[in-house]
Every structure is written in C-alpha cells, then in structure tokens.
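Shown next: final35.txt, containing compact mmCIF, C-alpha atoms and all ligand atoms.
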```txt
# COMPACT_ATOMS: atom_id res chain seq x y z
CA MET C 1 39.95 -221.87 59.02
CA GLU C 2 38.36 -219.36 61.40
CA THR C 3 35.48 -218.68 59.00
CA LEU C 4 34.74 -222.41 58.87
CA MET C 5 35.02 -222.73 62.65
CA LYS C 6 32.32 -220.07 63.12
CA LYS C 7 29.90 -221.94 60.84
CA LEU C 8 30.15 -225.30 62.65
CA SER C 9 27.70 -226.61 65.25
CA GLU C 10 28.46 -226.36 68.97
CA HIS C 11 30.75 -229.41 69.20
CA GLY C 12 31.98 -229.46 65.61
CA ARG C 13 35.61 -228.33 65.44
CA VAL C 14 38.60 -227.67 63.22
CA ILE C 15 41.89 -229.32 64.13
CA VAL C 16 45.19 -228.08 62.74
CA GLN C 17 48.76 -229.32 63.18
CA GLU C 18 49.25 -227.33 66.40
CA THR C 19 46.13 -228.82 68.03
CA ALA C 20 46.69 -231.57 70.61
CA GLU C 21 44.22 -233.96 68.90
CA TYR C 22 45.84 -233.64 65.45
CA ASP C 23 47.95 -236.83 65.42
CA GLU C 24 45.25 -238.97 66.96
CA LYS C 25 42.66 -237.79 64.42
CA ARG C 26 44.83 -237.96 61.27
CA GLN C 27 46.03 -241.52 62.05
CA ILE C 28 44.02 -244.23 60.36
CA PHE C 29 44.02 -248.00 60.86
CA ASN C 30 47.00 -248.71 58.56
CA LYS C 31 50.04 -247.25 60.32
CA GLY C 32 51.97 -247.55 57.06
CA ILE C 33 50.01 -244.50 55.83
CA GLN C 34 51.36 -241.24 57.20
CA ARG C 35 49.76 -238.13 55.70
CA PHE C 36 49.34 -234.65 57.10
CA PRO C 37 46.11 -232.81 56.24
CA ALA C 38 46.09 -228.98 56.30
CA ALA C 39 43.13 -229.34 58.67
CA ILE C 40 40.69 -231.90 60.01
CA VAL C 41 37.03 -230.95 60.44
CA VAL C 42 35.37 -233.05 63.11
CA CYS C 43 31.69 -232.95 62.13
CA LYS C 44 28.76 -233.41 64.50
CA THR C 45 25.87 -232.65 62.14
CA GLU C 46 24.90 -232.93 58.49
CA GLN C 47 25.16 -229.13 58.30
CA ASP C 48 28.80 -229.30 59.51
CA VAL C 49 29.61 -231.67 56.64
CA ALA C 50 27.95 -229.33 54.12
CA GLU C 51 29.91 -226.34 55.50
CA ALA C 52 33.19 -228.27 55.30
CA VAL C 53 32.56 -229.22 51.65
CA ARG C 54 31.72 -225.61 50.69
CA PHE C 55 34.83 -224.35 52.51
CA ALA C 56 37.12 -226.85 50.76
CA ARG C 57 35.73 -225.82 47.36
CA GLN C 58 36.18 -222.16 48.15
CA GLU C 59 39.79 -222.69 49.30
CA ASP C 60 40.54 -225.22 46.56
CA LEU C 61 41.52 -227.92 49.07
CA GLU C 62 41.45 -231.61 48.24
CA ILE C 63 38.83 -233.42 50.36
CA SER C 64 39.11 -236.80 52.06
CA VAL C 65 36.32 -238.35 54.13
CA ARG C 66 37.05 -240.47 57.17
CA ALA C 67 34.49 -242.83 58.66
CA GLY C 68 35.96 -245.95 60.32
CA GLY C 69 39.42 -245.29 58.81
CA HIS C 70 39.83 -248.98 57.85
CA HIS C 71 40.57 -248.54 54.13
CA VAL C 72 44.03 -250.12 53.90
CA ALA C 73 45.04 -247.86 50.97
CA GLY C 74 44.48 -244.83 53.23
CA THR C 75 41.96 -243.05 51.01
CA SER C 76 40.34 -241.40 54.04
CA VAL C 77 43.35 -239.18 54.78
CA THR C 78 44.63 -236.50 52.40
CA HIS C 79 48.04 -234.82 52.42
CA LYS C 80 47.68 -231.02 52.79
CA GLY C 81 43.95 -231.15 52.01
CA LEU C 82 40.84 -231.06 54.21
CA MET C 83 40.01 -234.27 56.07
CA ILE C 84 36.30 -234.44 56.87
CA ASP C 85 36.02 -236.64 59.95
CA LEU C 86 32.66 -238.33 60.58
CA SER C 87 33.88 -240.55 63.42
CA GLU C 88 31.79 -238.64 66.00
CA MET C 89 28.57 -239.04 63.98
CA LYS C 90 27.72 -242.57 65.10
CA LYS C 91 24.02 -242.62 65.98
CA VAL C 92 21.95 -245.64 65.03
CA ARG C 93 18.14 -245.65 65.25
CA VAL C 94 15.86 -248.60 64.52
CA GLU C 95 12.31 -248.42 63.15
CA GLU C 96 11.21 -251.82 64.39
CA LYS C 97 7.94 -252.08 62.46
CA GLN C 98 9.44 -251.12 59.12
CA LYS C 99 12.62 -253.11 59.90
CA ILE C 100 14.82 -250.18 58.89
CA ALA C 101 17.99 -248.89 60.59
CA PHE C 102 18.98 -245.22 60.22
CA VAL C 103 22.76 -245.16 60.59
CA GLN C 104 24.99 -242.08 60.70
CA GLY C 105 28.03 -242.06 58.40
CA GLY C 106 30.64 -242.43 61.17
CA ALA C 107 29.16 -245.54 62.86
CA THR C 108 31.15 -248.75 63.11
CA LEU C 109 29.74 -252.20 62.41
CA GLY C 110 29.72 -252.76 66.18
CA ASP C 111 27.54 -249.64 66.68
CA VAL C 112 25.05 -251.01 64.13
CA ASP C 113 24.84 -254.52 65.61
CA GLN C 114 24.63 -253.14 69.15
CA GLU C 115 21.41 -251.26 68.35
CA THR C 116 19.74 -253.59 65.83
CA GLN C 117 20.25 -256.68 68.01
CA LYS C 118 18.15 -255.05 70.76
CA TYR C 119 15.24 -255.89 68.41
CA GLY C 120 16.59 -259.29 67.27
CA LEU C 121 17.37 -257.74 63.88
CA ALA C 122 20.48 -257.25 61.74
CA THR C 123 21.62 -256.03 58.35
CA PRO C 124 24.50 -257.83 56.62
CA THR C 125 27.82 -256.14 57.42
CA GLY C 126 31.44 -257.39 57.75
CA THR C 127 33.45 -259.51 60.16
CA VAL C 128 35.40 -257.00 62.30
CA SER C 129 33.31 -254.77 64.57
CA GLU C 130 35.61 -251.72 64.35
CA THR C 131 35.26 -251.33 60.56
CA GLY C 132 33.22 -248.28 59.48
CA ILE C 133 29.82 -249.00 57.99
CA ALA C 134 30.25 -246.15 55.48
CA GLY C 135 33.34 -247.39 53.62
CA LEU C 136 32.09 -250.96 53.86
CA ALA C 137 28.58 -250.26 52.51
CA LEU C 138 29.77 -247.88 49.77
CA GLY C 139 32.21 -250.51 48.49
CA GLY C 140 29.93 -253.56 48.84
CA GLY C 141 30.22 -255.25 52.25
CA LEU C 142 30.87 -258.99 52.66
CA GLY C 143 30.00 -260.75 55.89
CA TYR C 144 28.38 -263.77 57.52
CA LEU C 145 24.87 -263.01 56.21
CA ARG C 146 25.85 -262.57 52.57
CA ALA C 147 24.62 -265.90 51.22
CA LYS C 148 21.12 -265.28 52.57
CA TYR C 149 20.68 -261.50 52.34
CA GLY C 150 23.41 -260.30 49.98
CA LEU C 151 26.00 -257.60 50.53
CA THR C 152 25.59 -254.55 52.76
CA CYS C 153 25.01 -252.35 49.69
CA ASP C 154 22.15 -254.64 48.55
CA ASN C 155 20.38 -253.77 51.80
CA MET C 156 20.73 -250.00 51.47
CA VAL C 157 17.27 -248.57 50.82
CA ALA C 158 18.07 -244.83 50.95
CA ALA C 159 20.76 -242.38 52.06
CA ASN C 160 21.22 -238.69 52.89
CA VAL C 161 24.07 -237.32 50.82
CA ILE C 162 25.99 -234.04 50.79
CA THR C 163 26.85 -233.32 47.16
CA ALA C 164 30.03 -231.68 45.83
CA GLU C 165 28.09 -228.39 45.84
CA GLY C 166 27.41 -228.78 49.56
CA GLU C 167 23.69 -229.50 49.00
CA GLN C 168 21.82 -231.99 51.19
CA ILE C 169 19.79 -234.54 49.23
CA ARG C 170 18.06 -237.86 49.93
CA VAL C 171 18.72 -240.59 47.39
CA SER C 172 16.72 -243.79 46.89
CA GLU C 173 15.15 -245.89 44.10
CA ASP C 174 12.86 -242.90 43.37
CA HIS C 175 15.14 -239.91 43.97
CA TYR C 176 18.46 -239.38 42.20
CA GLU C 177 18.35 -243.03 41.07
CA ASP C 178 21.71 -242.78 39.27
CA LEU C 179 23.49 -241.53 42.39
CA PHE C 180 21.72 -244.17 44.48
CA TRP C 181 22.98 -246.82 42.03
CA ALA C 182 26.55 -245.46 42.26
CA ILE C 183 26.81 -245.47 46.06
CA ARG C 184 25.76 -249.11 46.25
CA GLY C 185 29.17 -250.58 45.49
CA GLY C 186 30.89 -247.76 43.60
CA GLY C 187 32.94 -246.64 46.62
CA GLY C 188 33.48 -243.05 47.84
CA ASN C 189 33.70 -239.80 45.82
CA PHE C 190 30.04 -239.62 44.75
CA GLY C 191 29.20 -237.33 47.66
CA ILE C 192 29.37 -237.72 51.43
CA VAL C 193 26.76 -239.98 52.98
CA THR C 194 25.67 -238.60 56.34
CA THR C 195 22.92 -241.17 57.04
CA PHE C 196 22.26 -244.60 55.56
CA GLU C 197 18.96 -246.47 55.72
CA PHE C 198 19.35 -250.24 55.78
CA GLN C 199 16.85 -253.09 55.52
CA LEU C 200 16.88 -255.30 58.62
CA HIS C 201 16.19 -259.03 58.96
CA PRO C 202 15.45 -261.26 61.95
CA VAL C 203 18.83 -262.68 63.10
CA GLY C 204 19.87 -264.31 66.36
CA PRO C 205 20.13 -263.36 69.13
CA GLU C 206 22.02 -266.72 69.25
CA VAL C 207 23.52 -268.28 66.14
CA LEU C 208 25.67 -271.27 65.28
CA ALA C 209 29.18 -269.91 64.72
CA ILE C 210 31.39 -272.28 62.73
CA ASP C 211 35.03 -272.03 63.80
CA VAL C 212 37.41 -274.84 62.84
CA MET C 213 41.17 -274.82 62.29
CA TYR C 214 42.99 -277.31 60.06
CA ASP C 215 46.67 -277.90 59.42
CA TYR C 216 47.95 -276.22 56.28
CA LYS C 217 49.35 -279.52 55.01
CA ASP C 218 45.73 -280.68 54.50
CA ALA C 219 44.85 -277.67 52.31
CA LYS C 220 43.98 -279.61 49.15
CA GLN C 221 41.75 -282.10 50.95
CA VAL C 222 40.05 -279.33 52.96
CA TYR C 223 39.26 -277.21 49.90
CA GLN C 224 38.17 -280.16 47.77
CA LYS C 225 35.70 -281.33 50.43
CA LEU C 226 34.56 -277.76 51.03
CA ASP C 227 33.87 -277.40 47.31
CA GLU C 228 31.69 -280.52 47.39
CA TYR C 229 29.87 -279.22 50.48
CA LEU C 230 29.13 -275.89 48.78
CA ASP C 231 27.33 -277.76 45.99
CA LYS C 232 24.69 -278.99 48.41
CA VAL C 233 24.41 -276.36 51.12
CA SER C 234 21.55 -273.85 51.46
CA ASN C 235 21.95 -270.05 51.58
CA ASP C 236 21.67 -270.20 55.38
CA VAL C 237 25.41 -270.92 55.53
CA SER C 238 28.11 -268.31 54.77
CA LEU C 239 31.76 -269.32 55.07
CA ASN C 240 35.20 -267.71 54.98
CA THR C 241 38.54 -269.40 55.01
CA MET C 242 41.93 -267.97 55.86
CA MET C 243 45.39 -269.39 55.22
CA MET C 244 48.08 -268.03 57.48
CA THR C 245 51.09 -268.71 59.63
CA MET C 246 50.02 -268.04 63.21
CA PRO C 247 52.10 -265.28 64.83
CA PRO C 248 53.71 -265.93 68.23
CA ALA C 249 51.28 -263.43 69.78
CA PRO C 250 50.34 -263.58 73.48
CA PHE C 251 46.60 -264.01 72.69
CA ILE C 252 47.32 -267.15 70.62
CA PRO C 253 47.89 -270.51 72.41
CA GLU C 254 51.58 -271.47 72.34
CA PHE C 255 51.09 -274.75 70.45
CA LEU C 256 49.90 -272.72 67.46
CA HIS C 257 52.82 -270.30 67.35
CA ASN C 258 54.48 -270.20 63.90
CA ARG C 259 52.22 -273.03 62.68
CA SER C 260 50.67 -272.70 59.19
CA VAL C 261 46.94 -273.26 59.33
CA ILE C 262 43.64 -272.91 57.51
CA THR C 263 40.80 -271.41 59.49
CA LEU C 264 37.19 -271.99 58.50
CA THR C 265 34.75 -269.53 60.05
CA GLY C 266 31.14 -268.87 59.28
CA MET C 267 27.59 -268.89 60.44
CA TYR C 268 24.39 -270.85 60.06
CA ASP C 269 21.47 -268.43 60.01
CA GLY C 270 18.57 -270.49 61.33
CA ASP C 271 17.75 -272.82 64.21
CA PRO C 272 21.19 -273.53 65.77
CA LYS C 273 20.23 -277.17 66.52
CA GLU C 274 19.35 -277.81 62.88
CA GLY C 275 22.52 -275.97 61.90
CA GLU C 276 24.69 -278.32 63.94
CA ALA C 277 23.55 -281.32 61.91
CA LEU C 278 23.80 -279.46 58.60
CA THR C 279 27.33 -278.22 59.23
CA GLN C 280 28.82 -281.27 61.00
CA SER C 281 30.78 -282.30 57.89
CA LEU C 282 32.55 -278.90 57.85
CA ARG C 283 34.17 -279.94 61.11
CA GLU C 284 35.49 -283.14 59.55
CA LEU C 285 37.11 -281.88 56.32
CA ALA C 286 40.40 -283.25 57.74
CA GLU C 287 41.66 -283.84 61.31
CA PRO C 288 40.94 -280.47 63.02
CA ILE C 289 43.62 -278.83 65.18
CA VAL C 290 41.01 -276.72 66.98
CA ASP C 291 37.23 -276.87 66.82
CA ALA C 292 35.59 -273.95 68.62
CA THR C 293 32.25 -274.23 66.80
CA ALA C 294 29.51 -273.17 69.22
CA VAL C 295 26.16 -271.47 69.64
CA ILE C 296 26.99 -267.89 70.60
CA PRO C 297 25.29 -264.47 70.52
CA TYR C 298 25.35 -262.97 67.01
CA LYS C 299 27.01 -259.84 68.46
CA LYS C 300 29.85 -261.96 69.82
CA LEU C 301 30.38 -263.62 66.44
CA GLN C 302 30.53 -260.18 64.84
CA SER C 303 33.47 -259.16 67.05
CA LYS C 304 35.19 -262.54 67.29
CA LEU C 305 37.96 -261.60 64.84
CA ASP C 306 38.67 -258.22 66.50
CA THR C 307 41.55 -259.67 68.55
CA MET C 308 43.23 -260.86 65.34
CA VAL C 309 43.55 -257.27 64.14
CA PRO C 310 46.61 -255.63 65.66
CA PRO C 311 45.94 -252.04 66.82
CA ALA C 312 49.19 -250.61 65.41
CA ALA C 313 50.65 -252.27 62.32
CA ASN C 314 51.57 -251.65 58.70
CA PHE C 315 49.37 -253.36 56.13
CA TYR C 316 49.41 -254.08 52.45
CA GLY C 317 46.62 -255.98 50.76
CA THR C 318 45.14 -256.87 47.41
CA SER C 319 42.03 -258.70 46.19
CA LEU C 320 41.42 -260.98 43.23
CA TYR C 321 38.49 -262.96 41.82
CA PHE C 322 38.76 -266.56 40.64
CA SER C 323 36.15 -268.71 38.96
CA GLU C 324 37.30 -271.98 40.49
CA LEU C 325 39.47 -273.30 43.24
CA SER C 326 41.87 -275.59 41.39
CA ASN C 327 44.88 -277.43 42.83
CA GLY C 328 47.12 -275.21 40.67
CA LEU C 329 45.64 -272.10 42.26
CA LEU C 330 46.10 -273.56 45.74
CA ASP C 331 49.76 -274.30 44.93
CA GLU C 332 50.24 -270.71 43.80
CA LEU C 333 48.59 -269.29 46.90
CA SER C 334 50.73 -271.56 49.09
CA SER C 335 53.88 -270.28 47.44
CA VAL C 336 52.77 -266.65 48.03
CA LEU C 337 52.33 -267.47 51.71
CA ASP C 338 55.63 -269.39 51.95
CA ASN C 339 57.67 -266.69 50.22
CA ALA C 340 56.15 -263.61 51.87
CA GLU C 341 58.78 -261.42 53.52
CA PHE C 342 56.33 -260.43 56.29
CA PRO C 343 53.57 -262.30 58.15
CA ALA C 344 50.94 -262.84 55.46
CA MET C 345 47.37 -264.02 55.39
CA ILE C 346 45.19 -265.15 52.47
CA GLN C 347 41.43 -265.05 52.84
CA LEU C 348 39.20 -267.04 50.52
CA TRP C 349 35.61 -265.88 50.67
CA VAL C 350 33.87 -268.88 49.19
CA TYR C 351 30.47 -267.99 47.85
CA ARG C 352 27.87 -270.59 47.09
CA ARG C 353 25.33 -268.59 45.13
CA LEU C 354 27.92 -267.06 42.81
CA ARG C 355 30.55 -269.66 43.25
CA ARG C 356 30.64 -270.71 39.61
CA ASN C 357 31.82 -267.29 38.59
CA MET C 358 33.25 -265.66 41.69
CA ILE C 359 35.59 -266.62 44.50
CA PRO C 360 36.95 -263.39 45.97
CA ILE C 361 40.42 -263.91 47.39
CA THR C 362 41.92 -261.25 49.61
CA TYR C 363 45.60 -261.38 50.27
CA SER C 364 47.08 -259.12 52.93
CA ILE C 365 50.35 -258.58 54.73
C1 LIG D 1 40.52 -255.20 59.81
C2 LIG D 1 39.64 -255.08 58.60
C3 LIG D 1 38.60 -255.96 58.42
C4 LIG D 1 37.77 -255.86 57.31
N1 LIG D 1 36.76 -256.76 57.16
C5 LIG D 1 35.92 -256.66 56.10
C6 LIG D 1 34.83 -257.55 55.97
O1 LIG D 1 34.63 -258.46 56.77
N2 LIG D 1 34.00 -257.39 54.91
C7 LIG D 1 34.20 -256.40 53.96
O2 LIG D 1 33.42 -256.29 53.02
N3 LIG D 1 35.24 -255.54 54.07
C8 LIG D 1 36.09 -255.65 55.12
N4 LIG D 1 37.16 -254.79 55.24
C9 LIG D 1 37.35 -253.77 54.20
C10 LIG D 1 36.54 -252.50 54.58
O3 LIG D 1 35.18 -252.73 54.38
C11 LIG D 1 36.96 -251.32 53.70
O4 LIG D 1 38.31 -251.04 53.92
C12 LIG D 1 36.11 -250.09 53.98
O5 LIG D 1 36.43 -249.10 53.04
C13 LIG D 1 36.31 -249.56 55.39
O6 LIG D 1 35.38 -248.57 55.68
P1 LIG D 1 35.73 -247.46 56.76
O7 LIG D 1 34.57 -246.54 56.85
O8 LIG D 1 36.24 -248.10 58.00
O9 LIG D 1 36.99 -246.78 56.06
P2 LIG D 1 37.46 -245.32 55.70
O10 LIG D 1 38.93 -245.50 55.46
O11 LIG D 1 37.05 -244.29 56.71
O12 LIG D 1 36.70 -245.00 54.35
C14 LIG D 1 36.86 -245.83 53.22
C15 LIG D 1 36.60 -245.01 51.95
O13 LIG D 1 35.24 -244.56 51.91
C16 LIG D 1 35.18 -243.13 51.90
N5 LIG D 1 34.13 -242.73 52.84
C17 LIG D 1 34.09 -243.00 54.17
N6 LIG D 1 32.95 -242.55 54.69
C18 LIG D 1 32.26 -241.98 53.69
C19 LIG D 1 31.00 -241.35 53.63
N7 LIG D 1 30.23 -241.23 54.70
N8 LIG D 1 30.58 -240.87 52.43
C20 LIG D 1 31.36 -241.00 51.32
N9 LIG D 1 32.57 -241.60 51.32
C21 LIG D 1 33.01 -242.08 52.50
C22 LIG D 1 36.55 -242.67 52.38
O14 LIG D 1 36.88 -241.41 51.90
C23 LIG D 1 37.45 -243.75 51.85
O15 LIG D 1 37.74 -243.51 50.50
C24 LIG D 1 37.99 -254.85 56.33
C25 LIG D 1 39.07 -253.96 56.50
C26 LIG D 1 39.88 -254.07 57.62
C27 LIG D 1 41.03 -253.13 57.78
```

Can you turn what I pasted into structure tokens?
Amino acid sequence: METLMKKLSEHGRVIVQETAEYDEKRQIFNKGIQRFPAAIVVCKTEQDVAEAVRFARQEDLEISVRAGGHHVAGTSVTHKGLMIDLSEMKKVRVEEKQKIAFVQGGATLGDVDQETQKYGLATPTGTVSETGIAGLALGGGLGYLRAKYGLTCDNMVAANVITAEGEQIRVSEDHYEDLFWAIRGGGGNFGIVTTFEFQLHPVGPEVLAIDVMYDYKDAKQVYQKLDEYLDKVSNDVSLNTMMMTMPPAPFIPEFLHNRSVITLTGMYDGDPKEGEALTQSLRELAEPIVDATAVIPYKKLQSKLDTMVPPAANFYGTSLYFSELSNGLLDELSSVLDNAEFPAMIQLWVYRRLRRNMIPITYSI
C-alpha cells in the first residue's frame, strides 16, 4: 500500500482497517451490506484513479468503485479487494453557451442541480438528491424530466474514462464509440468514469410539482383514471406513483401513521400556470387525503423525497417491467404489500411515451 500512497496526489489517500476513517468510508447506503475491503483509495484526481487501477492489477486485487454508494445490492464495496472511492471528486462546471455540464464521477444529483440551476438549466437525473450521478447515469437514470428529455444516459455526450489498463481516454460518439454505447445504460465495469459531460436544458427555476396522496382502498380507480390521463397528456408531464404503508415516523403527520396510501408525485415542465390547468384532473383521481401540489423551485422538488430515505436502514429491492397495468396486476402488487414481513414500498414509474411496452415497477423493502 505504501507504493500506491507515494503515487497519489497531495490529498489522495489510502485507508486500511486500522485507519480511523475506515468504517465511515466502507459503509454504503444499504446498512444490510457489510463488507471489508483490504484498502480504500480516496481519489482526488483522475491520475489517482489510474494509479489505483494499476496497483490493483499488479496486486491481483478485486476492484470496486464507489460514487454515491446508493446501489442497494452493494456493488460499490468489495470484500478484501480495493475500493476506489470517488466521493471526494464532486466538481461540477457549466459551459452556459454550449449548455454542457462537466461533472466529476463522485458528484451527487444535488451537486449537479446546485450548479446547473444557477444558469436556469438542468439535465435529467433522479428523485433523491443524495444519489450518485455516476451509478445513476451508467445504469440509465429515471427522474422527473424523463418524458421530455429521456434518461440521464440519453443526455451523456462524452466521458473521461480510466480503462482496465489504467489508461485515460475520452469517449464520445466519435471516439471509442462501442465503449461510449456501453456506458450509457450498461452499468459499471466498463472502466471508471472520472468526468461526465451532460447536455443541459432550460428548466425552472420554479416548476409545478405534483404531489397528491390517495387512500390505498381507491387503488383501482386511481390507476384506471391515471391510465386514461396518460393517453392524452404531453411529454411535459412525468409521473411516479408509490404504494406503501406509512411508517409511524416523527417526520410524518400522525393521522397518516400505519395508513396504506398511494402517492402520486411528478412535475410539469413548462409554464406553471398552464401546468395547473393541465394537471388538475390528477388531483381528482379519487378523494385525496393530502394535496401538496404547488409551484416550487426545481431544486426543492429534486430533494423533496430525501426525508423519506432513512439514513441507516437495511434494504432489499427488485425491479420488473410490465406492459400494462391490469386489475390482476394491481391485486398481485397489493398482496405483496399486505404480506411483506417488513415495511415495504412499491413504486410504479408510469411512462407515457413507452407506456404501451414498458411500466417499470420497483419494489423495495
Ligand atoms: C434512495 C435511492 C433513490 C433512488 N432514486 C432513483 C431515481 O430516482 N432514479 C433512478 O434512476 N435510480 C434511482 N436509484 C437507483 C440508483 O440510481 C442506483 O442505485 C445507482 O447505481 C446509484 O448510483 P451511486 O453512484 O449512488 O451508487 P454506487 O453504489 O456508488 O455505484 C453504483 C454502481 O456503479 C459503479 N460505479 C460508481 N461510480 C462509477 C464510476 N465513476 N465509473 C464506473 N462505475 C462506477 C459502482 O461500482 C457500482 O457498481 C435510487 C437509489 C436509492 C438508494
């Protein structure tokens, strides 16, 4: 490890089990994952990442790469291998004229929005601000701008990658096209992305944030009416729904404790006043329990769900695709929720443009 240490930049460092920071750095979002890397390399520069890769090859150590650490399966932490930690490489720079954001591999979605919104711009990301842009973009990236601008990976225009040989290359439509294709949705393991370049679009600064809660007993009516709505709506509207039993948590109003609900959240990307008229029927799919729909800053919408994500919990999750939202499917999902041994949540990411052949459903505990 000492040889590697000497090759790192001034603030780059190697952490081993005896180092004070070890437990904090090896721990990822899902507390159910407990693995113990032989060492963690906290990188500060692209060169640090290249040195770490070369060292791992030389010592025959398995590599894992950690960005935001949100992958529920824990693929960013290896047991007895070398964990390459990018979480201190978080710079975001905006080229306003070209509408391009240069984003380092360890940035969170919040870091990206924070910088791009200074220019009234945004790239599509996800719905929780602490998620890492790297894992999200490499695997796809679904968020409130997806109907209009696609997934995060659709907006990637180039990237700097450290290859398995420890070489630094830039990939785009014109350079290493096959690798560029692979990192737009293929996940990790094709190299380590140190900087992404994303296309930006004018968004906000204020947007209409749709936020309605219905009683779970109205599920069939809510989803049937939502299905009809999706037939007519434009790509300015992106919507997510969640079915869950509300936990008796202090940040949740008492009248909702242990109540099974459907939440409908989303965004209208356009003039908020026009959006209010166009989305009014979403607030009347059944009798709402809560309607917090409002015009709010885009940045606030992007972190609105953060409080719903407990800082220290065990998670299990899985995702499925369905071509239609039938009553039979809703019955099956309800029974999953009713019979779960732990607090469970089912997200239905309804998708207008692809809705005839894709309704991604994420189910997590
Ligand atoms: C609370 C929560 C909310 C979420 N919300 C959404 C959402 O709204 N939309 C959505 O699409 N997804 C969402 N996800 C899923 C999330 O996008 C994925 O779990 C994603 O992999 C997380 O990225 P990360 O950088 O935080 O994770 P990490 O665990 O750090 O990395 C994920 C994977 O990518 C690899 N990797 C990380 N950085 C790099 C890099 N620079 N180069 C190469 N490989 C790398 C890692 O080795 C690992 O295999 C959510 C997950 C959680 C836990």

With 5 Å on each side, where is the centre of the axis-aligned box around all listed atoms of ligand LIG 1 (chain D), and how long are its edges in Å to one decimal, as lines of an AutoDock Vina configuration file?
```
center_x = 35.6
center_y = -249.7
center_z = 55.2
size_x = 20.8
size_y = 27.6
size_z = 19.3
```

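Of the listed residues C:His175, C:Arg93, C:Lys7, C:Arg184, the one whose atoms come nearest to Thr116 in chain C is C:Arg93, with distances taken using only C-alpha atoms.
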
Work out how far CA of Leu239 in chain C is from CA of Lys148 in chain C, in Å to one decimal.
11.7 Å

Which polymer residues have any atom within 12 Å of an atom of Glu274 in chain C, counting only C-alpha atoms, with same-chain residues fewer than 2 positions away left out, as a ChimeraX atom specification?
/C:207-208,236-237,268-272,276-280,295

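Each of C:Lys44, C:His11, C:Lys25, C:His71 was checked against ligand LIG 1 (chain D) using all atoms listed in the file; the smallest atom-to-atom distance is that of C:His71.
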
At what distance in Å, to one decimal, does atom O1 of ligand LIG 1 (chain D) lie from CA of Gly275 in chain C?
21.9 Å

I need range 182-247 of chain C from the structure I supplied, saved as an mmCIF file, in the first residue's frame with C-alpha atoms retained.
```cif
data_model
loop_
_atom_site.group_PDB
_atom_site.id
_atom_site.type_symbol
_atom_site.label_atom_id
_atom_site.label_comp_id
_atom_site.auth_asym_id
_atom_site.auth_seq_id
_atom_site.Cartn_x
_atom_site.Cartn_y
_atom_site.Cartn_z
ATOM 1 C CA ALA C 182 -21.829 0.543 -23.239
ATOM 2 C CA ILE C 183 -21.602 3.188 -20.516
ATOM 3 C CA ARG C 184 -24.958 4.674 -21.493
ATOM 4 C CA GLY C 185 -27.097 2.173 -19.617
ATOM 5 C CA GLY C 186 -24.801 -0.853 -19.353
ATOM 6 C CA GLY C 187 -23.868 -0.151 -15.719
ATOM 7 C CA GLY C 188 -20.366 -0.249 -14.178
ATOM 8 C CA ASN C 189 -17.375 -2.475 -15.062
ATOM 9 C CA PHE C 190 -16.584 -0.931 -18.466
ATOM 10 C CA GLY C 191 -13.965 1.349 -16.939
ATOM 11 C CA ILE C 192 -14.093 4.103 -14.335
ATOM 12 C CA VAL C 193 -15.706 7.349 -15.423
ATOM 13 C CA THR C 194 -13.896 10.293 -13.860
ATOM 14 C CA THR C 195 -15.835 13.056 -15.660
ATOM 15 C CA PHE C 196 -19.188 13.010 -17.443
ATOM 16 C CA GLU C 197 -20.384 15.605 -19.950
ATOM 17 C CA PHE C 198 -24.138 16.081 -19.958
ATOM 18 C CA GLN C 199 -26.480 18.022 -22.243
ATOM 19 C CA LEU C 200 -28.413 20.697 -20.348
ATOM 20 C CA HIS C 201 -31.909 22.070 -20.974
ATOM 21 C CA PRO C 202 -33.731 25.168 -19.727
ATOM 22 C CA VAL C 203 -35.670 24.095 -16.592
ATOM 23 C CA GLY C 204 -37.224 26.133 -13.788
ATOM 24 C CA PRO C 205 -36.130 27.841 -11.657
ATOM 25 C CA GLU C 206 -39.771 27.311 -10.495
ATOM 26 C CA VAL C 207 -41.813 24.320 -11.603
ATOM 27 C CA LEU C 208 -45.215 22.837 -10.860
ATOM 28 C CA ALA C 209 -44.588 19.906 -8.519
ATOM 29 C CA ILE C 210 -47.471 17.435 -8.433
ATOM 30 C CA ASP C 211 -47.833 15.821 -5.010
ATOM 31 C CA VAL C 212 -51.104 14.085 -4.148
ATOM 32 C CA MET C 213 -51.838 11.235 -1.742
ATOM 33 C CA TYR C 214 -54.788 8.862 -2.110
ATOM 34 C CA ASP C 215 -56.104 6.109 0.125
ATOM 35 C CA TYR C 216 -54.930 2.654 -0.875
ATOM 36 C CA LYS C 217 -58.526 1.408 -0.986
ATOM 37 C CA ASP C 218 -59.019 3.580 -4.105
ATOM 38 C CA ALA C 219 -56.065 1.982 -5.944
ATOM 39 C CA LYS C 220 -58.045 0.553 -8.875
ATOM 40 C CA GLN C 221 -59.923 3.785 -9.545
ATOM 41 C CA VAL C 222 -56.740 5.870 -9.210
ATOM 42 C CA TYR C 223 -54.744 3.736 -11.643
ATOM 43 C CA GLN C 224 -57.585 3.395 -14.142
ATOM 44 C CA LYS C 225 -58.065 7.175 -14.294
ATOM 45 C CA LEU C 226 -54.317 7.712 -14.409
ATOM 46 C CA ASP C 227 -54.105 5.337 -17.366
ATOM 47 C CA GLU C 228 -56.746 7.378 -19.211
ATOM 48 C CA TYR C 229 -54.902 10.606 -18.370
ATOM 49 C CA LEU C 230 -51.630 9.221 -19.758
ATOM 50 C CA ASP C 231 -53.330 8.659 -23.116
ATOM 51 C CA LYS C 232 -53.857 12.382 -23.563
ATOM 52 C CA VAL C 233 -51.018 14.090 -21.714
ATOM 53 C CA SER C 234 -47.994 15.741 -23.378
ATOM 54 C CA ASN C 235 -44.347 14.884 -22.653
ATOM 55 C CA ASP C 236 -44.150 17.905 -20.334
ATOM 56 C CA VAL C 237 -45.547 15.725 -17.537
ATOM 57 C CA SER C 238 -43.564 12.940 -15.812
ATOM 58 C CA LEU C 239 -45.222 10.979 -13.008
ATOM 59 C CA ASN C 240 -44.296 8.395 -10.382
ATOM 60 C CA THR C 241 -46.577 6.565 -8.043
ATOM 61 C CA MET C 242 -45.754 4.741 -4.844
ATOM 62 C CA MET C 243 -47.844 2.287 -2.844
ATOM 63 C CA MET C 244 -46.848 1.975 0.773
ATOM 64 C CA THR C 245 -47.925 1.743 4.369
ATOM 65 C CA MET C 246 -46.799 4.958 6.030
ATOM 66 C CA PRO C 247 -44.366 4.313 8.895
#
```
